[in-house]
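Visitor: So I've got this file, structure_0.txt, and it contains compact mmCIF, C-alpha atoms:
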# COMPACT_ATOMS: atom_id res chain seq x y z
CA MET Q 1 -58.84 -37.61 -74.05
CA SER Q 2 -55.97 -39.51 -75.60
CA GLU Q 3 -52.50 -38.05 -75.99
CA ASN Q 4 -52.97 -38.06 -79.75
CA THR Q 5 -56.14 -35.95 -79.67
CA GLN Q 6 -55.53 -32.51 -81.14
CA LEU Q 7 -56.87 -29.77 -78.92
CA ARG Q 8 -58.79 -27.05 -80.70
CA ARG Q 9 -58.51 -23.31 -80.22
CA THR Q 10 -61.26 -20.72 -80.25
CA PRO Q 11 -60.94 -17.54 -82.35
CA LEU Q 12 -59.91 -15.74 -79.14
CA TYR Q 13 -56.98 -17.99 -78.23
CA GLU Q 14 -54.34 -15.36 -79.06
CA GLU Q 15 -56.21 -12.78 -76.99
CA HIS Q 16 -56.06 -15.09 -73.99
CA VAL Q 17 -52.34 -15.68 -74.41
CA LYS Q 18 -51.61 -11.95 -74.77
CA ALA Q 19 -53.63 -11.24 -71.61
CA GLY Q 20 -51.66 -13.79 -69.61
CA GLY Q 21 -54.41 -16.38 -69.36
CA ARG Q 22 -53.37 -19.75 -67.94
CA ILE Q 23 -54.39 -22.18 -70.68
CA VAL Q 24 -55.71 -25.64 -69.84
CA PRO Q 25 -57.41 -28.44 -71.82
CA PHE Q 26 -61.20 -28.31 -71.52
CA ALA Q 27 -63.85 -30.12 -73.58
CA GLY Q 28 -61.36 -30.62 -76.42
CA TYR Q 29 -60.20 -26.99 -76.44
CA GLU Q 30 -57.34 -24.92 -75.08
CA LEU Q 31 -59.07 -22.37 -72.85
CA PRO Q 32 -58.07 -20.00 -70.04
CA VAL Q 33 -58.83 -21.25 -66.54
CA GLN Q 34 -57.85 -17.86 -65.06
CA TYR Q 35 -55.97 -14.64 -65.79
CA SER Q 36 -55.30 -13.14 -62.36
CA SER Q 37 -57.00 -15.37 -59.77
CA VAL Q 38 -60.29 -17.23 -59.68
CA ILE Q 39 -61.39 -15.34 -56.56
CA GLU Q 40 -60.58 -11.92 -58.04
CA GLU Q 41 -62.34 -12.68 -61.32
CA HIS Q 42 -65.33 -14.12 -59.45
CA ARG Q 43 -65.69 -11.01 -57.30
CA ARG Q 44 -65.33 -8.68 -60.27
CA VAL Q 45 -68.27 -10.41 -61.96
CA ARG Q 46 -70.38 -10.04 -58.82
CA GLU Q 47 -69.41 -6.37 -58.36
CA ALA Q 48 -68.79 -5.05 -61.90
CA ALA Q 49 -68.39 -7.34 -64.92
CA GLY Q 50 -66.41 -10.19 -66.41
CA LEU Q 51 -65.76 -11.20 -70.01
CA PHE Q 52 -65.85 -14.90 -70.91
CA ASP Q 53 -64.90 -16.75 -74.08
CA VAL Q 54 -67.59 -19.38 -74.56
CA SER Q 55 -66.91 -19.99 -78.25
CA HIS Q 56 -66.39 -23.68 -77.47
CA MET Q 57 -70.14 -24.13 -76.91
CA GLY Q 58 -72.04 -25.96 -79.65
CA GLU Q 59 -74.64 -24.40 -81.95
CA ILE Q 60 -76.99 -26.89 -83.58
CA PHE Q 61 -79.80 -25.68 -85.84
CA ILE Q 62 -83.11 -27.49 -86.29
CA SER Q 63 -85.08 -26.28 -89.29
CA GLY Q 64 -87.92 -27.21 -91.63
CA PRO Q 65 -91.70 -27.55 -91.44
CA GLY Q 66 -91.35 -30.30 -88.84
CA ALA Q 67 -88.88 -28.39 -86.65
CA PHE Q 68 -91.31 -27.37 -83.93
CA ASP Q 69 -92.75 -30.86 -83.42
CA PHE Q 70 -89.23 -32.29 -83.42
CA VAL Q 71 -87.99 -29.87 -80.74
CA GLN Q 72 -91.08 -30.57 -78.64
CA MET Q 73 -90.38 -34.30 -78.88
CA ILE Q 74 -86.68 -34.19 -77.92
CA SER Q 75 -87.06 -31.70 -75.06
CA CYS Q 76 -88.79 -31.90 -71.67
CA ASN Q 77 -89.82 -28.21 -71.68
CA ASP Q 78 -92.81 -26.81 -73.58
CA HIS Q 79 -91.81 -24.57 -76.47
CA SER Q 80 -95.35 -23.83 -77.69
CA LYS Q 81 -95.19 -20.35 -76.15
CA LEU Q 82 -91.69 -19.73 -77.45
CA SER Q 83 -92.16 -16.85 -79.90
CA ILE Q 84 -89.43 -15.66 -82.25
CA GLY Q 85 -86.75 -13.89 -80.24
CA ARG Q 86 -87.23 -15.92 -77.05
CA ALA Q 87 -85.14 -18.68 -75.48
CA GLN Q 88 -85.74 -21.45 -72.94
CA TYR Q 89 -83.59 -23.69 -70.79
CA THR Q 90 -84.39 -27.38 -71.16
CA GLY Q 91 -83.09 -30.93 -71.25
CA LEU Q 92 -82.32 -33.01 -74.32
CA MET Q 93 -83.78 -36.32 -73.20
CA TYR Q 94 -83.07 -40.04 -73.38
CA PRO Q 95 -86.01 -42.50 -73.31
CA GLU Q 96 -84.97 -43.30 -69.72
CA GLY Q 97 -85.95 -39.76 -68.70
CA THR Q 98 -82.32 -38.78 -68.20
CA PHE Q 99 -80.12 -36.12 -69.80
CA VAL Q 100 -78.39 -36.42 -73.12
CA ASP Q 101 -77.47 -32.81 -72.35
CA ASP Q 102 -78.91 -29.60 -71.00
CA MET Q 103 -79.31 -26.81 -73.52
CA LEU Q 104 -80.79 -23.45 -74.47
CA VAL Q 105 -83.43 -23.46 -77.20
CA HIS Q 106 -83.77 -20.23 -79.21
CA ARG Q 107 -86.63 -19.72 -81.64
CA MET Q 108 -84.96 -18.04 -84.60
CA ALA Q 109 -87.95 -18.22 -86.98
CA GLU Q 110 -91.24 -20.07 -87.32
CA GLU Q 111 -89.43 -23.11 -88.69
CA GLU Q 112 -85.94 -22.68 -87.22
CA PHE Q 113 -84.51 -23.27 -83.74
CA LEU Q 114 -81.00 -22.80 -82.39
CA LEU Q 115 -79.87 -25.28 -79.73
CA VAL Q 116 -76.86 -24.16 -77.70
CA VAL Q 117 -75.28 -27.27 -76.19
CA ASN Q 118 -72.27 -28.12 -74.08
CA ALA Q 119 -68.95 -28.31 -75.89
CA ALA Q 120 -68.01 -31.74 -74.51
CA ASN Q 121 -71.35 -33.12 -75.73
CA ARG Q 122 -71.49 -31.43 -79.12
CA ALA Q 123 -70.60 -34.47 -81.25
CA LYS Q 124 -72.76 -36.81 -79.15
CA ASP Q 125 -75.73 -34.42 -79.26
CA ALA Q 126 -75.45 -33.88 -83.02
CA ALA Q 127 -75.26 -37.63 -83.70
CA TYR Q 128 -78.25 -38.28 -81.42
CA LEU Q 129 -80.33 -35.58 -83.10
CA LEU Q 130 -79.37 -36.70 -86.60
CA GLY Q 131 -80.42 -40.24 -85.72
CA LEU Q 132 -83.81 -39.07 -84.46
CA ALA Q 133 -84.30 -36.83 -87.50
CA GLU Q 134 -84.07 -39.83 -89.82
CA ASP Q 135 -87.56 -40.84 -88.67
CA ALA Q 136 -88.96 -37.29 -88.62
CA GLU Q 137 -90.57 -35.56 -91.59
CA GLY Q 138 -89.51 -32.09 -92.69
CA VAL Q 139 -86.59 -31.77 -90.26
CA THR Q 140 -83.01 -30.73 -90.97
CA VAL Q 141 -80.33 -30.94 -88.27
CA ALA Q 142 -77.16 -28.93 -88.86
CA ASP Q 143 -74.20 -28.62 -86.50
CA ARG Q 144 -72.93 -25.12 -87.30
CA SER Q 145 -70.74 -24.65 -84.25
CA ASP Q 146 -67.64 -23.82 -86.27
CA GLU Q 147 -69.47 -20.89 -87.88
CA TRP Q 148 -69.95 -19.12 -84.55
CA ALA Q 149 -67.95 -17.46 -81.82
CA GLN Q 150 -69.59 -16.61 -78.53
CA ILE Q 151 -68.59 -14.00 -75.95
CA ALA Q 152 -70.39 -13.60 -72.61
CA ILE Q 153 -70.30 -10.37 -70.63
CA GLN Q 154 -71.72 -10.90 -67.17
CA GLY Q 155 -72.17 -8.67 -64.14
CA PRO Q 156 -74.17 -5.68 -62.86
CA ARG Q 157 -72.36 -3.29 -65.23
CA ALA Q 158 -72.64 -5.53 -68.31
CA GLN Q 159 -75.34 -3.46 -70.03
CA GLU Q 160 -73.53 -0.21 -69.27
CA ILE Q 161 -70.37 -1.55 -70.92
CA LEU Q 162 -71.99 -3.21 -73.94
CA GLN Q 163 -74.49 -0.48 -74.85
CA PRO Q 164 -72.01 2.06 -76.38
CA LEU Q 165 -70.88 -0.65 -78.83
CA THR Q 166 -74.34 -1.28 -80.30
CA ASP Q 167 -77.33 0.72 -81.51
CA THR Q 168 -79.62 -2.05 -80.25
CA PRO Q 169 -81.48 -0.82 -77.14
CA LEU Q 170 -80.32 -3.40 -74.62
CA ASP Q 171 -82.91 -2.48 -72.02
CA GLU Q 172 -85.55 -3.74 -74.46
CA ILE Q 173 -84.00 -7.22 -74.46
CA ARG Q 174 -85.65 -8.86 -71.49
CA TYR Q 175 -84.27 -11.94 -69.70
CA TYR Q 176 -84.13 -14.98 -72.00
CA ARG Q 177 -84.75 -12.85 -75.08
CA PHE Q 178 -82.44 -12.21 -78.03
CA THR Q 179 -82.24 -10.12 -81.18
CA TRP Q 180 -79.98 -9.38 -84.13
CA GLY Q 181 -77.88 -6.24 -84.15
CA GLU Q 182 -74.37 -4.91 -84.62
CA VAL Q 183 -71.68 -4.97 -81.96
CA ALA Q 184 -68.48 -3.01 -82.57
CA GLY Q 185 -69.49 -2.76 -86.23
CA SER Q 186 -70.08 -6.48 -86.77
CA ARG Q 187 -73.37 -8.31 -87.20
CA ALA Q 188 -74.17 -10.29 -84.07
CA LEU Q 189 -76.93 -12.09 -82.22
CA ILE Q 190 -77.35 -10.51 -78.78
CA ALA Q 191 -78.95 -12.71 -76.11
CA ARG Q 192 -79.74 -11.90 -72.48
CA THR Q 193 -79.12 -15.21 -70.79
CA GLY Q 194 -76.10 -16.31 -68.77
CA TYR Q 195 -74.48 -18.84 -66.48
CA THR Q 196 -73.24 -16.79 -63.53
CA GLY Q 197 -76.32 -15.71 -61.59
CA GLU Q 198 -75.74 -12.12 -62.73
CA ASP Q 199 -77.33 -10.01 -65.43
CA GLY Q 200 -75.52 -10.09 -68.73
CA PHE Q 201 -75.42 -10.86 -72.41
CA GLU Q 202 -74.05 -13.37 -74.90
CA VAL Q 203 -72.76 -11.97 -78.18
CA TYR Q 204 -72.74 -14.52 -81.03
CA SER Q 205 -70.75 -13.54 -84.13
CA ALA Q 206 -68.79 -14.94 -87.03
CA PRO Q 207 -65.39 -16.20 -85.79
CA GLU Q 208 -63.43 -13.47 -87.61
CA HIS Q 209 -65.31 -10.75 -85.71
CA ALA Q 210 -64.77 -12.20 -82.24
CA ALA Q 211 -61.36 -10.68 -81.48
CA PRO Q 212 -62.32 -7.09 -82.45
CA ILE Q 213 -65.49 -7.36 -80.35
CA TRP Q 214 -63.51 -8.78 -77.43
CA ARG Q 215 -60.90 -6.01 -77.59
CA SER Q 216 -63.55 -3.29 -77.92
CA LEU Q 217 -65.39 -4.57 -74.85
CA LEU Q 218 -62.22 -4.73 -72.77
CA ASP Q 219 -61.07 -1.26 -73.86
CA LEU Q 220 -64.43 0.28 -73.05
CA GLY Q 221 -65.09 -1.75 -69.93
CA LYS Q 222 -61.74 -1.63 -68.15
CA PRO Q 223 -62.42 1.78 -66.51
CA LEU Q 224 -65.75 0.37 -65.29
CA GLY Q 225 -64.18 -2.68 -63.69
CA LEU Q 226 -64.45 -5.23 -66.51
CA VAL Q 227 -61.89 -8.03 -66.48
CA PRO Q 228 -61.40 -11.12 -68.64
CA ALA Q 229 -62.48 -14.18 -66.67
CA GLY Q 230 -61.69 -17.84 -67.09
CA LEU Q 231 -63.24 -21.25 -66.58
CA GLY Q 232 -62.46 -21.24 -62.87
CA ALA Q 233 -64.59 -18.20 -62.07
CA ARG Q 234 -67.30 -19.35 -64.45
CA ASP Q 235 -67.60 -22.55 -62.44
CA THR Q 236 -67.65 -20.94 -58.98
CA LEU Q 237 -70.18 -18.33 -60.16
CA ARG Q 238 -72.62 -20.87 -61.62
CA PHE Q 239 -72.15 -23.06 -58.55
CA GLU Q 240 -73.12 -20.28 -56.14
CA ALA Q 241 -76.17 -19.56 -58.30
CA GLY Q 242 -77.23 -23.22 -58.05
CA MET Q 243 -76.89 -23.89 -61.77
CA CYS Q 244 -76.28 -27.47 -62.84
CA LEU Q 245 -73.16 -28.50 -64.73
CA TYR Q 246 -73.32 -31.46 -67.10
CA GLY Q 247 -70.95 -34.13 -65.87
CA ASN Q 248 -71.38 -32.98 -62.27
CA GLU Q 249 -75.00 -32.40 -61.23
CA ILE Q 250 -76.60 -33.89 -64.34
CA ASN Q 251 -75.70 -36.67 -66.75
CA GLU Q 252 -77.13 -39.75 -68.47
CA THR Q 253 -78.07 -41.25 -65.09
CA THR Q 254 -79.98 -38.30 -63.61
CA THR Q 255 -83.46 -37.00 -64.32
CA PRO Q 256 -84.57 -33.36 -64.21
CA LEU Q 257 -86.83 -34.13 -61.26
CA GLU Q 258 -83.95 -35.56 -59.23
CA ALA Q 259 -81.83 -32.52 -60.11
CA GLY Q 260 -84.43 -30.06 -58.81
CA LEU Q 261 -85.27 -28.99 -62.36
CA GLY Q 262 -88.93 -29.97 -62.26
CA TRP Q 263 -89.78 -26.50 -63.58
CA ILE Q 264 -88.45 -27.48 -67.02
CA VAL Q 265 -90.53 -30.69 -67.13
CA LYS Q 266 -93.89 -29.97 -68.75
CA LEU Q 267 -95.84 -33.22 -68.67
CA SER Q 268 -98.99 -31.41 -69.78
CA LYS Q 269 -97.59 -30.57 -73.23
CA GLY Q 270 -98.12 -34.10 -74.51
CA ASP Q 271 -95.69 -36.80 -75.50
CA PHE Q 272 -91.92 -36.36 -75.53
CA ILE Q 273 -88.92 -38.64 -75.17
CA GLY Q 274 -88.72 -39.92 -71.58
CA ARG Q 275 -92.12 -38.57 -70.58
CA ASP Q 276 -93.48 -41.87 -69.28
CA VAL Q 277 -90.50 -42.34 -66.95
CA LEU Q 278 -90.74 -38.80 -65.60
CA GLU Q 279 -94.49 -39.10 -65.11
CA ALA Q 280 -94.03 -42.32 -63.14
CA GLN Q 281 -91.24 -40.78 -61.09
CA LYS Q 282 -93.44 -37.81 -60.23
CA GLU Q 283 -96.35 -40.05 -59.26
CA ASN Q 284 -94.31 -42.56 -57.26
CA GLY Q 285 -91.96 -40.07 -55.62
CA LEU Q 286 -88.19 -39.63 -55.82
CA SER Q 287 -85.69 -41.93 -54.15
CA ARG Q 288 -82.95 -39.28 -54.21
CA LYS Q 289 -82.62 -35.56 -54.77
CA LEU Q 290 -79.91 -32.98 -55.37
CA VAL Q 291 -79.30 -30.77 -52.34
CA GLY Q 292 -77.07 -27.89 -51.37
CA PHE Q 293 -75.04 -28.07 -48.20
CA GLU Q 294 -72.54 -26.24 -46.02
CA MET Q 295 -69.69 -27.79 -44.11
CA VAL Q 296 -70.27 -27.72 -40.35
CA GLU Q 297 -66.59 -28.21 -39.51
CA ARG Q 298 -63.39 -27.27 -41.30
CA GLY Q 299 -62.97 -28.94 -44.68
CA ILE Q 300 -63.81 -28.39 -48.35
CA ALA Q 301 -66.00 -30.93 -50.13
CA ARG Q 302 -64.72 -31.48 -53.67
CA HIS Q 303 -66.32 -33.11 -56.70
CA GLY Q 304 -66.33 -36.89 -56.31
CA TYR Q 305 -65.93 -37.02 -52.53
CA GLU Q 306 -68.17 -39.68 -50.97
CA VAL Q 307 -71.07 -38.77 -48.70
CA PHE Q 308 -72.40 -40.83 -45.78
CA LEU Q 309 -75.58 -40.61 -43.74
CA THR Q 310 -73.74 -41.28 -40.45
CA GLU Q 311 -70.17 -40.90 -39.26
CA ASP Q 312 -69.69 -44.64 -38.92
CA ALA Q 313 -71.67 -45.72 -41.99
CA GLY Q 314 -70.03 -48.53 -43.93
CA GLU Q 315 -71.19 -47.56 -47.39
CA PRO Q 316 -71.51 -44.13 -49.04
CA VAL Q 317 -74.93 -43.02 -50.25
CA GLY Q 318 -73.56 -40.82 -53.03
CA GLN Q 319 -70.90 -38.33 -54.05
CA VAL Q 320 -70.36 -34.60 -53.98
CA THR Q 321 -71.26 -33.25 -57.42
CA SER Q 322 -69.67 -29.81 -56.92
CA GLY Q 323 -67.99 -28.14 -53.96
CA THR Q 324 -65.69 -25.26 -53.18
CA GLN Q 325 -64.82 -22.49 -50.76
CA SER Q 326 -67.37 -19.89 -51.85
CA PRO Q 327 -65.68 -16.58 -52.78
CA THR Q 328 -68.89 -14.66 -52.05
CA PHE Q 329 -69.72 -16.21 -48.66
CA ASN Q 330 -66.20 -17.30 -47.64
CA LYS Q 331 -67.35 -20.70 -46.46
CA ALA Q 332 -67.27 -24.24 -47.80
CA LEU Q 333 -70.38 -25.15 -49.77
CA GLY Q 334 -71.34 -28.08 -51.95
CA MET Q 335 -74.02 -30.01 -53.79
CA ALA Q 336 -74.73 -33.73 -53.68
CA TYR Q 337 -77.44 -36.31 -54.28
CA LEU Q 338 -78.86 -37.71 -51.06
CA PRO Q 339 -81.57 -40.29 -50.32
CA ILE Q 340 -84.92 -38.49 -50.20
CA GLU Q 341 -85.28 -39.09 -46.44
CA ALA Q 342 -82.10 -37.07 -45.82
CA THR Q 343 -82.91 -34.02 -47.98
CA ASP Q 344 -84.83 -31.79 -45.56
CA ILE Q 345 -83.24 -28.42 -44.75
CA GLY Q 346 -81.09 -28.77 -41.65
CA THR Q 347 -80.41 -32.50 -42.06
CA GLU Q 348 -76.82 -33.38 -41.17
CA PHE Q 349 -74.69 -35.97 -42.98
CA PHE Q 350 -70.98 -36.57 -43.51
CA VAL Q 351 -68.48 -35.99 -46.31
CA GLY Q 352 -65.41 -38.17 -46.65
CA ILE Q 353 -62.45 -35.77 -46.84
CA ARG Q 354 -59.15 -37.63 -46.93
CA ASN Q 355 -59.35 -39.99 -43.96
CA ARG Q 356 -62.05 -38.12 -42.03
CA ARG Q 357 -65.84 -38.00 -42.01
CA VAL Q 358 -66.61 -34.28 -41.80
CA PRO Q 359 -70.14 -33.16 -40.86
CA ALA Q 360 -72.21 -31.15 -43.34
CA ARG Q 361 -75.71 -29.67 -43.24
CA VAL Q 362 -78.38 -29.39 -45.95
CA ILE Q 363 -79.24 -25.74 -46.73
CA GLU Q 364 -81.41 -23.94 -49.24
CA THR Q 365 -80.32 -23.35 -52.82
CA PRO Q 366 -79.43 -21.36 -54.75
CA PHE Q 367 -76.72 -20.19 -52.40
CA TYR Q 368 -76.65 -16.83 -54.20
CA SER Q 369 -79.41 -14.79 -55.82
CA ARG Q 370 -78.72 -11.35 -57.23
CA LYS Q 371 -80.86 -8.43 -56.25
CA LYS Q 372 -83.29 -7.68 -59.06
CA LYS Q 373 -83.49 -4.10 -60.26
Could you express the structure from this file as structure tokens?

Guide:
Amino acid sequence: MSENTQLRRTPLYEEHVKAGGRIVPFAGYELPVQYSSVIEEHRRVREAAGLFDVSHMGEIFISGPGAFDFVQMISCNDHSKLSIGRAQYTGLMYPEGTFVDDMLVHRMAEEEFLLVVNAANRAKDAAYLLGLAEDAEGVTVADRSDEWAQIAIQGPRAQEILQPLTDTPLDEIRYYRFTWGEVAGSRALIARTGYTGEDGFEVYSAPEHAAPIWRSLLDLGKPLGLVPAGLGARDTLRFEAGMCLYGNEINETTTPLEAGLGWIVKLSKGDFIGRDVLEAQKENGLSRKLVGFEMVERGIARHGYEVFLTEDAGEPVGQVTSGTQSPTFNKALGMAYLPIEATDIGTEFFVGIRNRRVPARVIETPFYSRKKK
């Protein structure tokens, strides 16, 4: 981002400042990285609940009689069983079988879909979709991101905190479902998805209603352990839950199969962008794969650190995509792409940390899975 680029602010910016949030540039916005500490906010989400401003995310609508066929063509997942009120995680694909972006697809109506995309990719995604729509019949693409604010409440007490603010029975909204309702007196779309590994909800509203909803949730939730949480905790939470981050685990060079996301690739649905590449990759086998690992000796593997198959190897075989000292497990964990022959559980390799080659071991992912009720 150039020095002349004007950073944007979400409708909740003033709330973050008043709460003492440490504001940083992120995806073209000024957003809070933390309020108290990343570790404290992380643990509160795991134990009670955290409140996140995710209004920077993009909302792109696909509508018209050709909307379903269009969404099927651009995405690697199969949306034929996606009834109104349901959502799916998927990849927006390049012809090379790699990611334009990862996204959530919501079926709003028979001929309308909502794509929730990453903030940093919003303009790129919209331009890509508009270009594809030029050759599609009966399809309208509309980037309506500025018409929406989005608040996420995540954690085991999320439903308990949100329910008094809405007449919508939240226990009837199953995982990856959504519905319209009112929250704190304002019309909102309530979705049960999330990016932390915990139960929780996203509340989509008009921008002018975001601050009252935010304040109402904090006032009601504070006695139950709710805290505002920033980008730092959001990242460590999704990392522990083994969720991919665009720009780290996935990008325009990685395929869903390499990223361990084969469950969103539905080759049987018929043709879609990148299908031939993914089919060939599945038939011929992968040359690399994303793995989780733990450090065997003292050291924290950070994003971008080089990885080596042996301690004295001359050339790296890849880089750490994400890594941190896990607040939940209190040990150094990471993710990286390794050659397929080095991806078995228990395989040891080395991470370049400063001037040392520190041993690491491949372990199962996700690192964290919440206990289902």

Visitor: Give me, as a Markdown table, each residue of range 39-74 of chain Q that comes within 8 Å of range 124-137 of chain Q, together with its shortest interatomic pair and the distance in Å at one decimal, counting only C-alpha atoms, with rows ordered by chain and rising residue number.

Guide:
| residue | atom | partner | partner_atom | distance |
| --- | --- | --- | --- | --- |
| Q:Ile60 | CA | Q:Ala126 | CA | 7.2 |
| Q:Gly66 | CA | Q:Glu137 | CA | 6.0 |
| Q:Phe70 | CA | Q:Ala136 | CA | 7.2 |

Visitor: What's the 8 Å shell around range 90-96 of chain Q, counting only C-alpha atoms, without same-chain residues fewer than 4 positions away, as a list in words?

Guide: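 Returned residues: Ile74, Ser75, Cys76, Asn77, Val100, Asp101, Asp102, Met103, Leu104, Val105, Glu252, Pro256, Ile264, Ile273, Gly274, Arg275 and Val277 of chain Q.
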
Visitor: From the list Q:Glu364, Q:Glu59, Q:Glu279, Q:Glu341, which residue is nearest Arg144 in chain Q when using all atoms listed in the file?

Guide: Q:Glu59

Visitor: Around the point (-70.6, -38.7, -40.4) in the file's coordinates, collect all residues with an atom within 10 Å, using all atoms listed in the file, and return them as a list in words.

Guide: Val307, Phe308, Leu309, Thr310, Glu311, Asp312, Ala313, Glu348, Phe349, Phe350, Val351, Gly352, Arg356, Arg357, Val358, Pro359 and Ala360 of chain Q

Visitor: For range 209-212 of chain Q, work out the shell of residues within 12 Å, counting all atoms listed in the file and skipping chain neighbours fewer than 4 positions away, then give it as number ranges by chain.

Guide: Q: 10-16, 18, 52-55, 147-152, 165, 182-188, 202-205, 216-219

Visitor: Might you pull out every residue within 9 Å of Pro65 in chain Q, with all atoms listed in the file counted and same-chain residues fewer than 2 positions away left off, and present them as a list in words?

Guide: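 So, after excluding close chain neighbours, the residues are Ser63, Ala67, Phe68, Asp69, Glu110, Glu111, Glu112, Glu137, Gly138 and Val139 of chain Q.
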
Visitor: Just the number, please: distance in Å from CA of Ser326 in chain Q to CA of Val45 in chain Q, one decimal.

Guide: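 Atom-to-atom, CA of Ser326 in chain Q and CA of Val45 in chain Q are spaced 13.9 Å apart.
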
Visitor: Quick one: pull the distance between CA of Val296 in chain Q and CA of Glu41 in chain Q, Å, one decimal.

Guide: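 Interatomic distance, CA of Val296 in chain Q to CA of Glu41 in chain Q: 27.0 Å.
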
Visitor: Which residue is closest to Phe239 in chain Q? Choose from Q:Lys269, Q:His303, Q:His56, Q:Lys282 and count all atoms listed in the file.

Guide: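 The closest residue to Phe239 in chain Q is Q:His303.
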
Visitor: Pick from Q:Phe293, Q:Trp263, Q:Trp180, Q:Phe272: nearest to Thr166 in chain Q, with only C-alpha atoms counted?

Guide: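 Once distances to Thr166 in chain Q are computed over only C-alpha atoms, the minimum belongs to Q:Trp180.
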
Visitor: What separation in Å, quoted to one decimal, exists between CA of Pro339 in chain Q and CA of Lys289 in chain Q?

Guide: 6.6 Å

Visitor: Excluding Asn118 in chain Q and its own-chain neighbours fewer than 3 positions away, which residues fall within 7 Å of it when counting all atoms listed in the file? Please give them as a PyMOL selection string.

Guide: chain Q and resi 57-58+121-122

Visitor: Which one of Q:Gly304, Q:Tyr368, Q:Val362, Q:Val291 sits closest to Ala336 in chain Q if you count all atoms listed in the file?

Guide: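 Going through Q:Gly304, Q:Tyr368, Q:Val362, Q:Val291 one by one, the smallest distance to Ala336 in chain Q is for Q:Val291.
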
Visitor: Counting only C-alpha atoms, which of Q:Val17, Q:Ile173, Q:Gln6, Q:Gln154 gets nearest to Ala87 in chain Q?

Guide: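 Closest residue, counting only C-alpha atoms: Q:Ile173.
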
Visitor: Within 7 Å of Arg177 in chain Q, counting all atoms listed in the file, which residues show up once you throw out same-chain ones fewer than 5 positions away? Write them as number ranges by chain, please.

Guide: Q: 85-87, 191-192

Visitor: Taking all atoms listed in the file into account, name the residue in Q:Asp344, Q:Asp235, Q:Glu240, Q:Glu40 that is nearest to Arg288 in chain Q.

Guide: Q:Asp344
